[in-house]
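**Student:** data_31.pdb is reproduced in full below (PDB, C-alpha atoms and all ligand atoms).
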```pdb
ATOM      1  CA  MET A   1      30.114 116.216  42.553
ATOM      2  CA  LYS A   2      31.578 112.924  41.357
ATOM      3  CA  ASN A   3      30.622 109.594  42.877
ATOM      4  CA  TYR A   4      32.374 106.448  43.983
ATOM      5  CA  GLU A   5      30.651 103.175  43.250
ATOM      6  CA  LEU A   6      30.245 100.581  45.971
ATOM      7  CA  ARG A   7      30.756  96.866  45.292
ATOM      8  CA  ASN A   8      27.001  96.388  44.889
ATOM      9  CA  GLY A   9      26.738  99.179  42.275
ATOM     10  CA  VAL A  10      25.326 101.849  44.598
ATOM     11  CA  SER A  11      26.696 105.360  43.894
ATOM     12  CA  ILE A  12      28.013 107.439  46.758
ATOM     13  CA  PRO A  13      29.017 111.132  46.466
ATOM     14  CA  GLU A  14      32.805 111.364  46.793
ATOM     15  CA  ILE A  15      32.774 113.945  49.600
ATOM     16  CA  GLY A  16      30.504 113.559  52.617
ATOM     17  CA  TYR A  17      29.394 116.069  55.229
ATOM     18  CA  GLY A  18      30.319 114.877  58.720
ATOM     19  CA  THR A  19      28.192 115.631  61.789
ATOM     20  CA  TRP A  20      30.476 114.340  64.566
ATOM     21  CA  LYS A  21      30.847 116.977  67.327
ATOM     22  CA  THR A  22      28.312 119.275  65.654
ATOM     23  CA  PRO A  23      26.362 120.736  68.590
ATOM     24  CA  ASP A  24      22.814 119.404  68.774
ATOM     25  CA  GLY A  25      19.945 121.821  68.175
ATOM     26  CA  GLU A  26      19.893 124.915  66.035
ATOM     27  CA  THR A  27      23.618 124.810  65.129
ATOM     28  CA  CYS A  28      23.285 121.333  63.704
ATOM     29  CA  GLU A  29      19.943 121.979  62.002
ATOM     30  CA  LYS A  30      21.288 125.079  60.288
ATOM     31  CA  ALA A  31      24.644 123.494  59.397
ATOM     32  CA  VAL A  32      23.046 120.473  57.724
ATOM     33  CA  GLU A  33      20.549 122.620  55.848
ATOM     34  CA  THR A  34      23.360 124.927  54.640
ATOM     35  CA  ALA A  35      25.615 122.036  53.681
ATOM     36  CA  ILE A  36      22.884 120.475  51.539
ATOM     37  CA  ARG A  37      22.167 123.811  49.905
ATOM     38  CA  LEU A  38      25.873 124.160  49.064
ATOM     39  CA  GLY A  39      25.931 120.776  47.344
ATOM     40  CA  TYR A  40      26.776 118.220  50.034
ATOM     41  CA  HIS A  41      24.310 115.476  49.175
ATOM     42  CA  HIS A  42      25.996 112.892  51.359
ATOM     43  CA  ILE A  43      25.413 113.263  55.096
ATOM     44  CA  ASP A  44      27.268 111.110  57.612
ATOM     45  CA  ALA A  45      25.354 110.757  60.881
ATOM     46  CA  ALA A  46      25.521 108.462  63.916
ATOM     47  CA  ARG A  47      23.376 107.673  66.918
ATOM     48  CA  VAL A  48      26.181 108.420  69.388
ATOM     49  CA  TYR A  49      26.738 111.926  68.032
ATOM     50  CA  GLY A  50      23.539 112.818  69.890
ATOM     51  CA  ASN A  51      22.239 115.018  67.087
ATOM     52  CA  GLU A  52      20.298 112.716  64.755
ATOM     53  CA  GLU A  53      17.001 114.530  65.342
ATOM     54  CA  SER A  54      18.665 117.837  64.435
ATOM     55  CA  VAL A  55      20.212 116.257  61.345
ATOM     56  CA  GLY A  56      16.709 115.081  60.386
ATOM     57  CA  ILE A  57      15.298 118.588  60.849
ATOM     58  CA  GLY A  58      18.150 120.116  58.812
ATOM     59  CA  ILE A  59      17.470 117.675  55.973
ATOM     60  CA  LYS A  60      13.763 118.403  56.063
ATOM     61  CA  ASN A  61      14.325 122.184  56.091
ATOM     62  CA  SER A  62      16.651 121.922  53.089
ATOM     63  CA  GLY A  63      13.712 120.728  51.002
ATOM     64  CA  ILE A  64      15.904 118.189  49.208
ATOM     65  CA  ALA A  65      14.130 115.130  47.810
ATOM     66  CA  ARG A  66      15.071 112.031  49.809
ATOM     67  CA  GLU A  67      16.331 110.179  46.756
ATOM     68  CA  GLU A  68      18.802 113.018  46.037
ATOM     69  CA  LEU A  69      20.472 112.396  49.364
ATOM     70  CA  PHE A  70      22.927 109.726  50.512
ATOM     71  CA  LEU A  71      22.366 109.201  54.231
ATOM     72  CA  THR A  72      24.603 107.158  56.543
ATOM     73  CA  GLY A  73      23.888 105.953  60.089
ATOM     74  CA  LYS A  74      25.885 103.851  62.575
ATOM     75  CA  VAL A  75      24.986 101.392  65.298
ATOM     76  CA  TRP A  76      26.639 102.356  68.585
ATOM     77  CA  ASN A  77      28.582 100.009  70.851
ATOM     78  CA  SER A  78      25.847  99.681  73.487
ATOM     79  CA  ASP A  79      23.448  98.451  70.772
ATOM     80  CA  ARG A  80      25.558  95.542  69.517
ATOM     81  CA  GLY A  81      23.838  92.175  69.011
ATOM     82  CA  TYR A  82      20.989  91.226  66.689
ATOM     83  CA  GLY A  83      17.834  92.535  68.413
ATOM     84  CA  ARG A  84      19.370  95.699  69.806
ATOM     85  CA  THR A  85      20.840  96.612  66.432
ATOM     86  CA  ILE A  86      17.478  96.271  64.694
ATOM     87  CA  ARG A  87      15.833  98.441  67.356
ATOM     88  CA  ALA A  88      18.611 101.058  67.170
ATOM     89  CA  PHE A  89      18.237 101.181  63.404
ATOM     90  CA  GLU A  90      14.478 101.809  63.685
ATOM     91  CA  LYS A  91      15.064 104.643  66.170
ATOM     92  CA  THR A  92      17.641 106.193  63.845
ATOM     93  CA  LEU A  93      15.159 106.082  60.949
ATOM     94  CA  LYS A  94      12.561 107.801  63.111
ATOM     95  CA  ASP A  95      14.935 110.542  64.305
ATOM     96  CA  LEU A  96      16.290 111.192  60.823
ATOM     97  CA  GLN A  97      12.665 111.275  59.535
ATOM     98  CA  THR A  98      13.260 108.746  56.801
ATOM     99  CA  ASP A  99      12.126 105.230  55.966
ATOM    100  CA  TYR A 100      15.466 103.915  54.693
ATOM    101  CA  LEU A 101      19.195 104.573  54.957
ATOM    102  CA  ASP A 102      21.713 104.531  52.147
ATOM    103  CA  LEU A 103      24.449 103.117  54.359
ATOM    104  CA  TYR A 104      24.488 101.615  57.850
ATOM    105  CA  LEU A 105      27.763 100.919  59.656
ATOM    106  CA  ILE A 106      28.931  99.130  62.791
ATOM    107  CA  HIS A 107      30.519 102.124  64.525
ATOM    108  CA  TRP A 108      33.302 100.260  66.394
ATOM    109  CA  PRO A 109      34.222  96.581  66.497
ATOM    110  CA  ALA A 110      33.806  94.645  69.714
ATOM    111  CA  SER A 111      37.466  93.871  70.387
ATOM    112  CA  PRO A 112      39.364  90.949  71.942
ATOM    113  CA  ASN A 113      40.498  93.274  74.741
ATOM    114  CA  GLN A 114      36.929  93.940  75.798
ATOM    115  CA  TYR A 115      35.077  90.663  75.244
ATOM    116  CA  ARG A 116      35.970  87.011  75.200
ATOM    117  CA  CYS A 117      33.221  86.459  72.586
ATOM    118  CA  TRP A 118      34.034  89.609  70.583
ATOM    119  CA  GLU A 119      34.004  87.762  67.263
ATOM    120  CA  ALA A 120      30.559  86.227  67.843
ATOM    121  CA  LEU A 121      29.220  89.628  68.923
ATOM    122  CA  ASN A 122      30.494  91.288  65.745
ATOM    123  CA  ARG A 123      29.002  88.493  63.653
ATOM    124  CA  GLU A 124      25.635  88.846  65.360
ATOM    125  CA  THR A 125      25.593  92.602  64.781
ATOM    126  CA  TRP A 126      26.652  91.990  61.195
ATOM    127  CA  GLU A 127      23.794  89.492  60.707
ATOM    128  CA  ALA A 128      21.351  92.220  61.731
ATOM    129  CA  LEU A 129      22.867  94.613  59.174
ATOM    130  CA  THR A 130      22.729  91.870  56.552
ATOM    131  CA  ASP A 131      19.027  91.285  57.214
ATOM    132  CA  LEU A 132      18.319  95.030  57.072
ATOM    133  CA  TYR A 133      20.136  95.108  53.744
ATOM    134  CA  LYS A 134      18.284  92.102  52.370
ATOM    135  CA  SER A 135      14.951  93.603  53.419
ATOM    136  CA  GLY A 136      15.725  96.796  51.460
ATOM    137  CA  LYS A 137      15.726  99.111  54.492
ATOM    138  CA  VAL A 138      19.340 100.041  53.792
ATOM    139  CA  ARG A 139      21.052 100.183  50.383
ATOM    140  CA  ALA A 140      24.567  99.316  51.573
ATOM    141  CA  ILE A 141      26.230  98.125  54.781
ATOM    142  CA  GLY A 142      29.679  98.376  56.257
ATOM    143  CA  VAL A 143      31.874  98.889  59.283
ATOM    144  CA  SER A 144      33.949 101.597  60.900
ATOM    145  CA  ASN A 145      37.211 101.493  62.831
ATOM    146  CA  PHE A 146      37.713  97.821  61.887
ATOM    147  CA  ARG A 147      41.314  96.672  61.577
ATOM    148  CA  ARG A 148      42.513  93.435  60.017
ATOM    149  CA  ASN A 149      41.723  91.277  63.068
ATOM    150  CA  HIS A 150      38.131  92.555  63.231
ATOM    151  CA  LEU A 151      37.420  92.602  59.508
ATOM    152  CA  THR A 152      38.843  89.208  58.562
ATOM    153  CA  PRO A 153      36.109  87.162  60.326
ATOM    154  CA  LEU A 154      33.449  89.020  58.294
ATOM    155  CA  LEU A 155      35.093  88.316  54.947
ATOM    156  CA  ASP A 156      33.419  84.912  54.670
ATOM    157  CA  ALA A 157      29.947  86.272  55.544
ATOM    158  CA  GLU A 158      27.012  86.003  53.131
ATOM    159  CA  VAL A 159      27.324  89.748  52.420
ATOM    160  CA  ILE A 160      30.698  91.313  53.096
ATOM    161  CA  PRO A 161      31.163  94.944  54.162
ATOM    162  CA  MET A 162      31.059  97.499  51.361
ATOM    163  CA  VAL A 163      32.633 100.334  53.355
ATOM    164  CA  ASN A 164      35.128 100.767  56.186
ATOM    165  CA  GLN A 165      35.175 104.230  57.747
ATOM    166  CA  LEU A 166      38.528 105.045  59.374
ATOM    167  CA  GLU A 167      40.553 107.978  60.592
ATOM    168  CA  LEU A 168      42.606 108.834  57.502
ATOM    169  CA  HIS A 169      44.506 112.016  56.756
ATOM    170  CA  PRO A 170      48.010 113.180  55.871
ATOM    171  CA  GLY A 171      50.294 111.493  58.397
ATOM    172  CA  MET A 172      47.758 108.706  59.085
ATOM    173  CA  VAL A 173      47.617 106.213  56.221
ATOM    174  CA  GLN A 174      46.632 102.966  58.055
ATOM    175  CA  ALA A 175      48.431 100.977  55.341
ATOM    176  CA  ASP A 176      47.600  97.450  56.522
ATOM    177  CA  ILE A 177      43.830  97.768  56.795
ATOM    178  CA  VAL A 178      43.702  99.984  53.702
ATOM    179  CA  SER A 179      45.358  97.275  51.593
ATOM    180  CA  LEU A 180      43.042  94.578  52.977
ATOM    181  CA  CYS A 181      39.998  96.719  52.138
ATOM    182  CA  ARG A 182      41.281  97.337  48.625
ATOM    183  CA  GLU A 183      41.729  93.590  48.046
ATOM    184  CA  HIS A 184      38.036  93.141  48.832
ATOM    185  CA  GLN A 185      36.670  96.250  47.086
ATOM    186  CA  ILE A 186      35.715  97.834  50.387
ATOM    187  CA  LEU A 187      35.505 101.616  49.979
ATOM    188  CA  LEU A 188      37.507 103.585  52.552
ATOM    189  CA  GLU A 189      35.789 106.567  54.091
ATOM    190  CA  ALA A 190      37.991 109.073  55.923
ATOM    191  CA  TYR A 191      36.819 110.686  59.126
ATOM    192  CA  SER A 192      38.782 113.618  60.575
ATOM    193  CA  PRO A 193      40.316 114.355  57.156
ATOM    194  CA  LEU A 194      41.986 117.446  58.667
ATOM    195  CA  GLY A 195      43.450 115.443  61.561
ATOM    196  CA  ASN A 196      40.811 116.893  63.926
ATOM    197  CA  GLY A 197      41.821 120.299  62.616
ATOM    198  CA  LYS A 198      45.375 119.876  63.970
ATOM    199  CA  LEU A 199      46.929 119.506  60.518
ATOM    200  CA  LEU A 200      45.949 123.074  59.801
ATOM    201  CA  ASN A 201      48.821 124.140  62.100
ATOM    202  CA  SER A 202      51.441 122.135  60.196
ATOM    203  CA  GLU A 203      54.081 124.405  58.694
ATOM    204  CA  GLU A 204      54.950 121.873  56.022
ATOM    205  CA  LEU A 205      51.330 121.604  54.957
ATOM    206  CA  SER A 206      50.874 125.383  54.957
ATOM    207  CA  GLY A 207      53.944 125.771  52.745
ATOM    208  CA  MET A 208      52.607 123.207  50.319
ATOM    209  CA  ALA A 209      49.152 124.820  50.303
ATOM    210  CA  GLU A 210      50.710 128.152  49.403
ATOM    211  CA  HIS A 211      52.601 126.534  46.544
ATOM    212  CA  TYR A 212      49.326 125.155  45.086
ATOM    213  CA  GLY A 213      47.376 128.348  45.783
ATOM    214  CA  LYS A 214      44.948 126.364  47.962
ATOM    215  CA  THR A 215      44.216 126.173  51.691
ATOM    216  CA  PRO A 216      45.685 123.480  53.977
ATOM    217  CA  ALA A 217      42.157 122.041  54.381
ATOM    218  CA  GLN A 218      41.751 121.728  50.606
ATOM    219  CA  ILE A 219      45.111 119.949  50.380
ATOM    220  CA  CYS A 220      43.957 117.430  53.020
ATOM    221  CA  ILE A 221      40.677 116.775  51.224
ATOM    222  CA  LYS A 222      42.419 116.391  47.881
ATOM    223  CA  TRP A 223      45.021 114.055  49.428
ATOM    224  CA  ASN A 224      42.130 111.805  50.506
ATOM    225  CA  LEU A 225      40.506 111.831  47.087
ATOM    226  CA  GLN A 226      43.779 111.086  45.299
ATOM    227  CA  HIS A 227      44.223 108.056  47.543
ATOM    228  CA  GLY A 228      40.741 106.899  46.542
ATOM    229  CA  PHE A 229      39.393 107.639  50.049
ATOM    230  CA  LEU A 230      36.072 109.355  50.642
ATOM    231  CA  PRO A 231      36.617 112.359  52.946
ATOM    232  CA  LEU A 232      33.926 113.273  55.461
ATOM    233  CA  SER A 233      34.489 116.958  55.735
ATOM    234  CA  LYS A 234      32.983 118.805  58.657
ATOM    235  CA  SER A 235      32.585 122.462  59.401
ATOM    236  CA  VAL A 236      29.718 124.519  60.761
ATOM    237  CA  ASN A 237      30.985 127.613  58.991
ATOM    238  CA  GLU A 238      29.403 128.332  55.600
ATOM    239  CA  ASP A 239      32.552 129.773  53.978
ATOM    240  CA  ARG A 240      34.663 126.822  55.109
ATOM    241  CA  MET A 241      31.984 124.354  54.002
ATOM    242  CA  ARG A 242      32.029 125.929  50.562
ATOM    243  CA  ALA A 243      35.833 126.063  50.365
ATOM    244  CA  ASN A 244      36.103 122.392  51.357
ATOM    245  CA  LEU A 245      34.210 121.499  48.180
ATOM    246  CA  GLU A 246      36.492 123.528  45.890
ATOM    247  CA  VAL A 247      39.079 120.853  45.205
ATOM    248  CA  GLU A 248      38.490 119.932  41.574
ATOM    249  CA  ASP A 249      40.765 122.497  39.927
ATOM    250  CA  PHE A 250      44.166 121.148  40.998
ATOM    251  CA  GLY A 251      46.162 117.974  41.560
ATOM    252  CA  ILE A 252      48.849 117.088  44.094
ATOM    253  CA  THR A 253      52.044 115.646  42.583
ATOM    254  CA  GLU A 254      53.080 112.093  43.476
ATOM    255  CA  GLU A 255      56.125 113.488  45.263
ATOM    256  CA  ASP A 256      54.007 115.771  47.445
ATOM    257  CA  MET A 257      51.522 112.939  48.117
ATOM    258  CA  ARG A 258      54.391 110.851  49.543
ATOM    259  CA  LYS A 259      55.510 113.801  51.697
ATOM    260  CA  LEU A 260      51.985 114.186  53.041
ATOM    261  CA  ASP A 261      51.722 110.445  53.733
ATOM    262  CA  VAL A 262      54.574 110.638  56.217
ATOM    263  CA  LEU A 263      53.879 113.970  57.927
ATOM    264  CA  GLU A 264      54.940 113.405  61.512
ATOM    265  CA  GLY A 265      53.055 114.160  64.701
ATOM    266  CA  PHE A 266      49.482 113.649  63.486
ATOM    267  CA  ALA A 267      48.957 109.875  63.641
ATOM    268  CA  ASP A 268      47.242 109.645  67.018
ATOM    269  CA  GLY A 269      43.994 107.872  66.184
ATOM    270  CA  ASN A 270      42.148 105.676  68.661
ATOM    271  CA  ASP A 271      43.234 102.032  68.619
ATOM    272  CA  PRO A 272      40.011  99.967  68.400
ATOM    273  CA  ASP A 273      41.580  97.279  70.602
ATOM    274  CA  LYS A 274      42.322  99.775  73.366
ATOM    275  CA  VAL A 275      39.375 102.163  73.468
ATOM    276  CA  PRO A 276      37.496 102.120  76.774
ATOM    277  CA  PHE A 277      34.052 102.409  75.136
TER     278      PHE A 277
HETATM  279  P1  LIG B 301      34.649 124.744  62.011
HETATM  280  O1  LIG B 301      33.401 123.924  62.146
HETATM  281  O2  LIG B 301      34.640 125.924  62.929
HETATM  282  O3  LIG B 301      34.975 125.116  60.576
HETATM  283  P2  LIG B 301      38.345 117.164  61.113
HETATM  284  O4  LIG B 301      37.330 117.023  60.050
HETATM  285  O5  LIG B 301      39.693 116.728  60.728
HETATM  286  O6  LIG B 301      37.913 116.497  62.408
HETATM  287  O7  LIG B 301      38.465 118.732  61.450
HETATM  288  C1  LIG B 301      37.296 119.437  61.799
HETATM  289  C2  LIG B 301      37.673 120.792  62.358
HETATM  290  O8  LIG B 301      38.293 121.576  61.355
HETATM  291  C3  LIG B 301      36.492 121.533  62.845
HETATM  292  O9  LIG B 301      36.853 122.066  64.102
HETATM  293  C4  LIG B 301      36.253 122.660  61.831
HETATM  294  O10 LIG B 301      35.865 123.823  62.532
HETATM  295  C5  LIG B 301      37.622 122.833  61.225
HETATM  296  N1  LIG B 301      37.584 123.120  59.774
HETATM  297  C6  LIG B 301      36.863 122.517  58.829
HETATM  298  N2  LIG B 301      37.117 123.022  57.607
HETATM  299  C7  LIG B 301      38.037 123.984  57.793
HETATM  300  C8  LIG B 301      38.715 124.887  56.924
HETATM  301  N3  LIG B 301      38.481 124.900  55.618
HETATM  302  N4  LIG B 301      39.594 125.764  57.478
HETATM  303  C9  LIG B 301      39.831 125.782  58.797
HETATM  304  N5  LIG B 301      39.226 124.949  59.681
HETATM  305  C10 LIG B 301      38.338 124.063  59.192
END
```
Kindly return the structure encoded in the file as structure tokens.
Ligand code: A2P
**Tutor:**
Amino acid sequence: MKNYELRNGVSIPEIGYGTWKTPDGETCEKAVETAIRLGYHHIDAARVYGNEESVGIGIKNSGIAREELFLTGKVWNSDRGYGRTIRAFEKTLKDLQTDYLDLYLIHWPASPNQYRCWEALNRETWEALTDLYKSGKVRAIGVSNFRRNHLTPLLDAEVIPMVNQLELHPGMVQADIVSLCREHQILLEAYSPLGNGKLLNSEELSGMAEHYGKTPAQICIKWNLQHGFLPLSKSVNEDRMRANLEVEDFGITEEDMRKLDVLEGFADGNDPDKVPF
């Protein structure tokens, strides 16, 4: 698999394996082990997914050497602030059975709709990530679900985010924050690259997939890669996991990319200024 390179020179495999909604326990353990065996060497985890221990067991059972793996974690909203973030990070390391992470993200910004001091809270959480980075416990740091208003205050920090993980898929292009991230060499990771699976029911997408001799899921993953996004593909099914990696043997035309950009009815992502959590 090819890699993207982060602003600090760290390589990151261009497709990640997502663990959001993967049921904790045996399903997750087996899925992660299988994914690694199939060639997913980039695992995207998070404390709030409630399955970090299972992810850790799956990694261990795969037998992969730690340095072959790119492992991401995220600090959850209830752990914002300097001290809590450091403690949450340590717990994540323990549950994932590792002594460092490759990438650590702020999962959601504290927003002006929730807190009067939202900006200070984000800065404090960011300072904790910066110190973890400077101490070598994490190789890269970033954010997730940050829009322009949340990201801008961090752009004058000592270390600026290297990644922003957003919901990105055909019909959901988030043009404003994507262009800001590009200006600052912030890699865009795409969660829900299949639109939470809903895109698979799109007639337009199915027609296009047939034309390319690929599946709708492969078209979505390729659309992400051609935009320079890093898709976090997730499936617990071995055949679908394998198929989601088979995207190197074709290209989507510019014209079809534009059609996919504006697919209607799929842009329903959570607004970080309105979420109740
Ligand atoms: P499953 O785990 O049963 O394969 P998204 O990443 O956009 O949130 O979508 C994830 C959903 O899409 C999951 O429910 C997953 O279910 C399903 N999925 C993943 N890959 C494929 C595929 N190649 N074909 C059909 N469904 C898929």
**Student:** Have a look at atom CA of Trp20 of chain A and atom O4 of ligand LIG 301 (chain B) and let me know their distance in Å, one decimal.
**Tutor:**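 Those two atoms sit 8.6 Å apart.
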**Student:** Please write out the residues within 8 Å of ligand LIG 301 (chain B) as an MDAnalysis selection string, counting only C-alpha atoms and all ligand atoms.
**Tutor:** chainID A and resid 18 22 169 191:200 215:218 232:237 239:241 243:244
**Student:** Kindly resolve the PyMOL selection byres (((chain A and resi 181) around 10) and not hetatm) on the present coordinates and return the residues as a list of chain:residue names.
**Tutor:**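 Applying the PyMOL selection byres (((chain A and resi 181) around 10) and not hetatm) to the structure shown produces A:Arg147, A:Arg148, A:Leu151, A:Thr152, A:Pro161, A:Met162, A:Val163, A:Asn164, A:Ala175, A:Asp176, A:Ile177, A:Val178, A:Ser179, A:Leu180, A:Arg182, A:Glu183, A:His184, A:Gln185, A:Ile186, A:Leu187, A:Leu188.
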**Student:** Let's have the selection written as a compact mmCIF listing (two decimals), in the frame of the given file, with C-alpha atoms.
**Tutor:**
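The resulting file, result.txt, is reproduced below:
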```
# COMPACT_ATOMS: atom_id res chain seq x y z
CA ARG A 147 41.31 96.67 61.58
CA ARG A 148 42.51 93.44 60.02
CA LEU A 151 37.42 92.60 59.51
CA THR A 152 38.84 89.21 58.56
CA PRO A 161 31.16 94.94 54.16
CA MET A 162 31.06 97.50 51.36
CA VAL A 163 32.63 100.33 53.36
CA ASN A 164 35.13 100.77 56.19
CA ALA A 175 48.43 100.98 55.34
CA ASP A 176 47.60 97.45 56.52
CA ILE A 177 43.83 97.77 56.80
CA VAL A 178 43.70 99.98 53.70
CA SER A 179 45.36 97.28 51.59
CA LEU A 180 43.04 94.58 52.98
CA ARG A 182 41.28 97.34 48.62
CA GLU A 183 41.73 93.59 48.05
CA HIS A 184 38.04 93.14 48.83
CA GLN A 185 36.67 96.25 47.09
CA ILE A 186 35.72 97.83 50.39
CA LEU A 187 35.51 101.62 49.98
CA LEU A 188 37.51 103.58 52.55
```
**Student:** Select, from A:Thr130, A:Ser135, A:Gln174, A:Ser78, the residue with the minimum atom-to-atom distance to Val159 of chain A, counting only C-alpha atoms.
**Tutor:** A:Thr130
**Student:** Which is closest to Leu263 of chain A among A:Ala45, A:Leu230, A:Leu205, A:Cys220, if we use all atoms listed in the file?
**Tutor:**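 Going through A:Ala45, A:Leu230, A:Leu205, A:Cys220 one by one, the smallest distance to Leu263 of chain A is for A:Leu205.
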**Student:** Nearest residue to Leu168 of chain A out of A:Ile221, A:Leu155, A:Ala110, A:Leu132, using all atoms listed in the file?
**Tutor:**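 Looking at the shortest contact to Leu168 of chain A, the residue is A:Ile221.
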**Student:** Please compute the atom CA of Pro231 of chain A-atom CA of Glu14 of chain A distance, one decimal, in Å.
**Tutor:**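 Pair atom CA of Pro231 of chain A / atom CA of Glu14 of chain A returns 7.3 Å.
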**Student:** Kindly indicate which residue among A:Gly269, A:Gly58, A:Val275, A:Val247 lies nearest to Lys2 of chain A, using only C-alpha atoms for the distances.
**Tutor:**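 Nearest to Lys2 of chain A: A:Val247.
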**Student:** Taking the file as shown, find all residues satisfying the PyMOL selection byres (((chain A and resi 46) around 12) and not hetatm) and write them as a PyMOL selection string.
**Tutor:** chain A and resi 18-22+43-45+47-56+71-77+88-89+91-93+95-96+101+103-108+144
**Student:** Calculate, to one decimal in Å, the centre and edge lengths of the box along x, y and z of the file that holds all listed atoms of segment 180-196 of chain A with 4 Å of margin on each side, and present them as JSON.
**Tutor:**
```
{"center_x": 39.5, "center_y": 105.3, "center_z": 55.5, "size_x": 15.9, "size_y": 32.3, "size_z": 24.8}
```
**Student:** Translate the PyMOL selection byres (((chain A and resi 100) around 6) and not hetatm) into a concrete residue list for this structure, as an NGL selection string.
**Tutor:** :A and (98-99 or 101 or 137-138)
